[in-house]
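This report refers to the structure that appears directly beneath it.
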Amino acid sequence: MNKRRLLIALAVLAAVVVAGVAGWRLYRSREAVPVTSMVDSTQAGVRAMTLWFADDSGDSLVAETREMLEAEDLHGRVSTLVAALGQGPTRRGVAALPPGTTVLHAYLDDTGMLTLDLSRAFQQGFRGGTRAEELAVGSLVRTLGSNVPEAHRVLVVCNGAPIASLAGHVPLDQPLDLQDWP
């Protein structure tokens with residue numbers, strides 16, 4: 001009898017372990033996946049994209065070219081670019097965008113004006129002075145200008161509302177001409 005109870009106990013223990021592992025895998029598979037990683041790589045093309053980051057000294061911007069999956073729609077392309085800026089450079093330089101900045105909406109009108117609605121983190125997460133503000137806006141505008149050829153101007157808003165600037169130095173209440181940020 002004791003052998004039989006031992007075998008039953010071992011079978012129950014094995015079943016509990018298997019159920020626990022299965023439950024853990026199911027839990028892990030339901031974790032949030034960033035939208036930028038949900039592009040179907042079998043259908044999407046890979047394209048070299050130029051991203052602009054602050055240099056290590058914080059004096060200017062430096063370009064970095066990356067092979068990235070190209071999203072089919074405008075919102076996906078712009079979101080991918082902003083997410084890559086937020087992740088920072090792979091070589092030299094530092095991320096200039098405030099942490100947590102994401103794209104809520106991107107709309108391109110017939111005149112080539114891109115309205116870019118960014119999360120509140122863009123404005124609320126900004127820390128810095130005049131030069132940091134110029135680098136943050138420059139990083140964003142130059143990256144868009146390098147990779148979204150149909151856009152000629154960009155109007156930055158946060159959480160659906162216009163903003164005057166990040167910290168009072170670079171006006172954002174009017175569209176920025178992408179040609180002015182070479």
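Residue numbering restarts at 1 for every chain of the structure tokens, chains are lettered A, B, ... in their displayed order, and ligands are numbered from 1 as they appear.
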Neighbour list for A:Pro171 as a PDB file with C-alpha atoms, in the first residue's frame, cut-off 12 Å, only C-alpha atoms, skip fewer than 3 positions in-chain:
ATOM      1  CA  THR A 130      18.074  75.606 -24.055  1.00  0.00           C
ATOM      2  CA  GLU A 133      15.603  71.395 -25.836  1.00  0.00           C
ATOM      3  CA  GLU A 134      17.163  72.215 -29.215  1.00  0.00           C
ATOM      4  CA  VAL A 137      13.434  68.823 -31.051  1.00  0.00           C
ATOM      5  CA  LEU A 155       3.436  70.245 -35.932  1.00  0.00           C
ATOM      6  CA  VAL A 156       4.143  68.695 -32.537  1.00  0.00           C
ATOM      7  CA  VAL A 157       1.300  68.364 -30.038  1.00  0.00           C
ATOM      8  CA  PRO A 162      -0.927  72.174 -28.675  1.00  0.00           C
ATOM      9  CA  ILE A 163       2.176  73.067 -26.683  1.00  0.00           C
ATOM     10  CA  ALA A 164       4.137  76.292 -26.816  1.00  0.00           C
ATOM     11  CA  SER A 165       7.503  74.560 -26.244  1.00  0.00           C
ATOM     12  CA  LEU A 166       9.206  71.958 -24.097  1.00  0.00           C
ATOM     13  CA  ALA A 167      10.804  74.433 -21.718  1.00  0.00           C
ATOM     14  CA  GLY A 168      10.327  77.857 -23.275  1.00  0.00           C
ATOM     15  CA  GLN A 174       3.711  76.596 -35.184  1.00  0.00           C
ATOM     16  CA  PRO A 175       4.711  73.908 -37.698  1.00  0.00           C
ATOM     17  CA  LEU A 176       8.449  73.352 -38.033  1.00  0.00           C
TER      18      LEU A 176
END
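Residues of stretch 67-137 of chain A carrying a DSSP assignment of strand (DSSP E), computed from the backbone, are Glu67, Met68, Leu69, Glu70, Val103, Leu104, His105, Ala106, Tyr107, Leu108, Met113, Leu114, Thr115, Leu116, Asp117 and Leu118 of chain A.
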Legend entry - Selected residue of minimal separation from A:Ser79 among A:His105, A:Arg120, A:His169, A:Arg5, counting only C-alpha atoms: A:His105
Inset, instruction - Any chance you could list, as a list of chain:residue names, the residues in stretch 49-134 of chain A that come up alpha helix (DSSP H) when DSSP is run on the backbone? - result: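 Answer for stretch 49-134 of chain A, restricted to alpha helix (DSSP H): A:Leu74, A:His75, A:Gly76, A:Arg77, A:Val78, A:Ser79, A:Thr80, A:Leu81, A:Val82, A:Ala83, A:Ala84, A:Leu85, A:Gly86, A:Gln87, A:Ala121, A:Phe122, A:Gln123, A:Gln124, A:Thr130, A:Arg131, A:Ala132, A:Glu133, A:Glu134.
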Atoms to include: N, CA and C atoms. Write the selected residues as a compact mmCIF listing (two decimals), in the first residue's frame.
# COMPACT_ATOMS: atom_id res chain seq x y z
N LEU A 74 1.71 55.28 -42.23
CA LEU A 74 2.43 56.43 -41.69
C LEU A 74 2.59 56.32 -40.17
N HIS A 75 1.51 56.02 -39.47
CA HIS A 75 1.58 55.93 -38.01
C HIS A 75 2.62 54.89 -37.59
N GLY A 76 2.62 53.75 -38.24
CA GLY A 76 3.59 52.71 -37.91
C GLY A 76 5.02 53.14 -38.17
N ARG A 77 5.26 53.81 -39.29
CA ARG A 77 6.62 54.28 -39.61
C ARG A 77 7.09 55.29 -38.60
N VAL A 78 6.25 56.28 -38.29
CA VAL A 78 6.64 57.33 -37.36
C VAL A 78 6.81 56.75 -35.95
N SER A 79 5.94 55.86 -35.55
CA SER A 79 6.05 55.22 -34.23
C SER A 79 7.35 54.43 -34.11
N THR A 80 7.72 53.72 -35.16
CA THR A 80 8.96 52.96 -35.16
C THR A 80 10.17 53.88 -35.01
N LEU A 81 10.14 55.00 -35.71
CA LEU A 81 11.25 55.95 -35.62
C LEU A 81 11.36 56.56 -34.23
N VAL A 82 10.24 56.98 -33.66
CA VAL A 82 10.26 57.59 -32.33
C VAL A 82 10.68 56.57 -31.28
N ALA A 83 10.22 55.33 -31.42
CA ALA A 83 10.62 54.28 -30.47
C ALA A 83 12.13 54.04 -30.56
N ALA A 84 12.68 54.05 -31.76
CA ALA A 84 14.13 53.86 -31.92
C ALA A 84 14.90 55.02 -31.31
N LEU A 85 14.38 56.25 -31.45
CA LEU A 85 15.03 57.40 -30.82
C LEU A 85 15.01 57.24 -29.30
N GLY A 86 13.91 56.74 -28.77
CA GLY A 86 13.80 56.54 -27.34
C GLY A 86 14.73 55.46 -26.81
N GLN A 87 15.02 54.47 -27.62
CA GLN A 87 15.93 53.40 -27.21
C GLN A 87 17.37 53.87 -27.16
N ALA A 121 4.71 62.25 -21.87
CA ALA A 121 6.10 62.08 -21.44
C ALA A 121 7.05 62.99 -22.22
N PHE A 122 6.70 63.34 -23.45
CA PHE A 122 7.56 64.22 -24.23
C PHE A 122 7.76 65.56 -23.53
N GLN A 123 6.68 66.12 -23.04
CA GLN A 123 6.77 67.41 -22.37
C GLN A 123 7.06 67.27 -20.88
N GLN A 124 6.37 66.39 -20.20
CA GLN A 124 6.53 66.26 -18.76
C GLN A 124 7.87 65.63 -18.36
N THR A 130 18.25 75.21 -22.66
CA THR A 130 18.07 75.61 -24.05
C THR A 130 18.67 74.59 -25.01
N ARG A 131 19.92 74.22 -24.79
CA ARG A 131 20.59 73.31 -25.73
C ARG A 131 19.95 71.92 -25.72
N ALA A 132 19.57 71.43 -24.56
CA ALA A 132 18.90 70.12 -24.48
C ALA A 132 17.58 70.14 -25.22
N GLU A 133 16.88 71.27 -25.12
CA GLU A 133 15.60 71.40 -25.84
C GLU A 133 15.83 71.43 -27.34
N GLU A 134 16.84 72.18 -27.79
CA GLU A 134 17.16 72.22 -29.22
C GLU A 134 17.54 70.83 -29.73
Legend entry - Minimum-distance residue to A:Glu150, chosen among A:Gly88, A:Gly45, A:Gly112, A:Gly138 (using only C-alpha atoms):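 Result for the nearest residue to A:Glu150: A:Gly112.
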Can you pull out the residues contacting A:Ser57? Cut-off 12 Å, using only C-alpha atoms, and skip same-chain residues under 3 positions away; I want them as a short mmCIF file (atom, residue, chain, number, x, y, z; two decimals) with C-alpha atoms, in the first residue's frame.
data_model
loop_
_atom_site.label_atom_id
_atom_site.label_comp_id
_atom_site.auth_asym_id
_atom_site.auth_seq_id
_atom_site.Cartn_x
_atom_site.Cartn_y
_atom_site.Cartn_z
CA PHE A 53 20.94 61.54 -31.49
CA ALA A 54 22.73 64.04 -29.28
CA SER A 60 25.32 68.71 -31.59
CA LEU A 61 23.50 65.85 -33.26
CA VAL A 62 25.08 62.75 -34.76
CA ARG A 92 28.02 56.81 -29.94
CA GLY A 93 25.83 59.57 -28.59
CA VAL A 94 22.86 59.69 -26.26
CA ALA A 96 17.76 63.28 -26.76
CA ARG A 131 20.59 73.31 -25.73
CA ALA A 132 18.90 70.12 -24.48
CA LEU A 135 18.70 68.73 -29.34
#
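In this model, the gap between atom CA of A:Tyr107 and atom CA of A:Thr90 comes to 28.9 Å.
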Legend entry - Residues within 6 Å of stretch 63-69 of chain A, only C-alpha atoms, excluding chain neighbours under 5 positions, as a list in words: Gly45, Val46, Arg47, Ala48, Met49, Thr50, Leu51 and Trp52 of chain A
Legend entry - Straight-line distance linking atom CA of A:Asp173 with atom CA of A:Arg127, stated in Å to one decimal: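 Separation of atom CA of A:Asp173 and atom CA of A:Arg127: 19.5 Å.
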Inset, instruction - Please measure the separation of atom CA of A:Gly128 and atom CA of A:Leu97, giving the value in Å to one decimal. - result: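 Interatomic distance here is 11.0 Å.
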Legend entry - Pick from A:Asn2, A:Ser139, A:Gly100, A:Met113 nearest to A:Asp55, counting only C-alpha atoms: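 Looking only at the distances to A:Asp55, the closest residue turns out to be A:Ser139.
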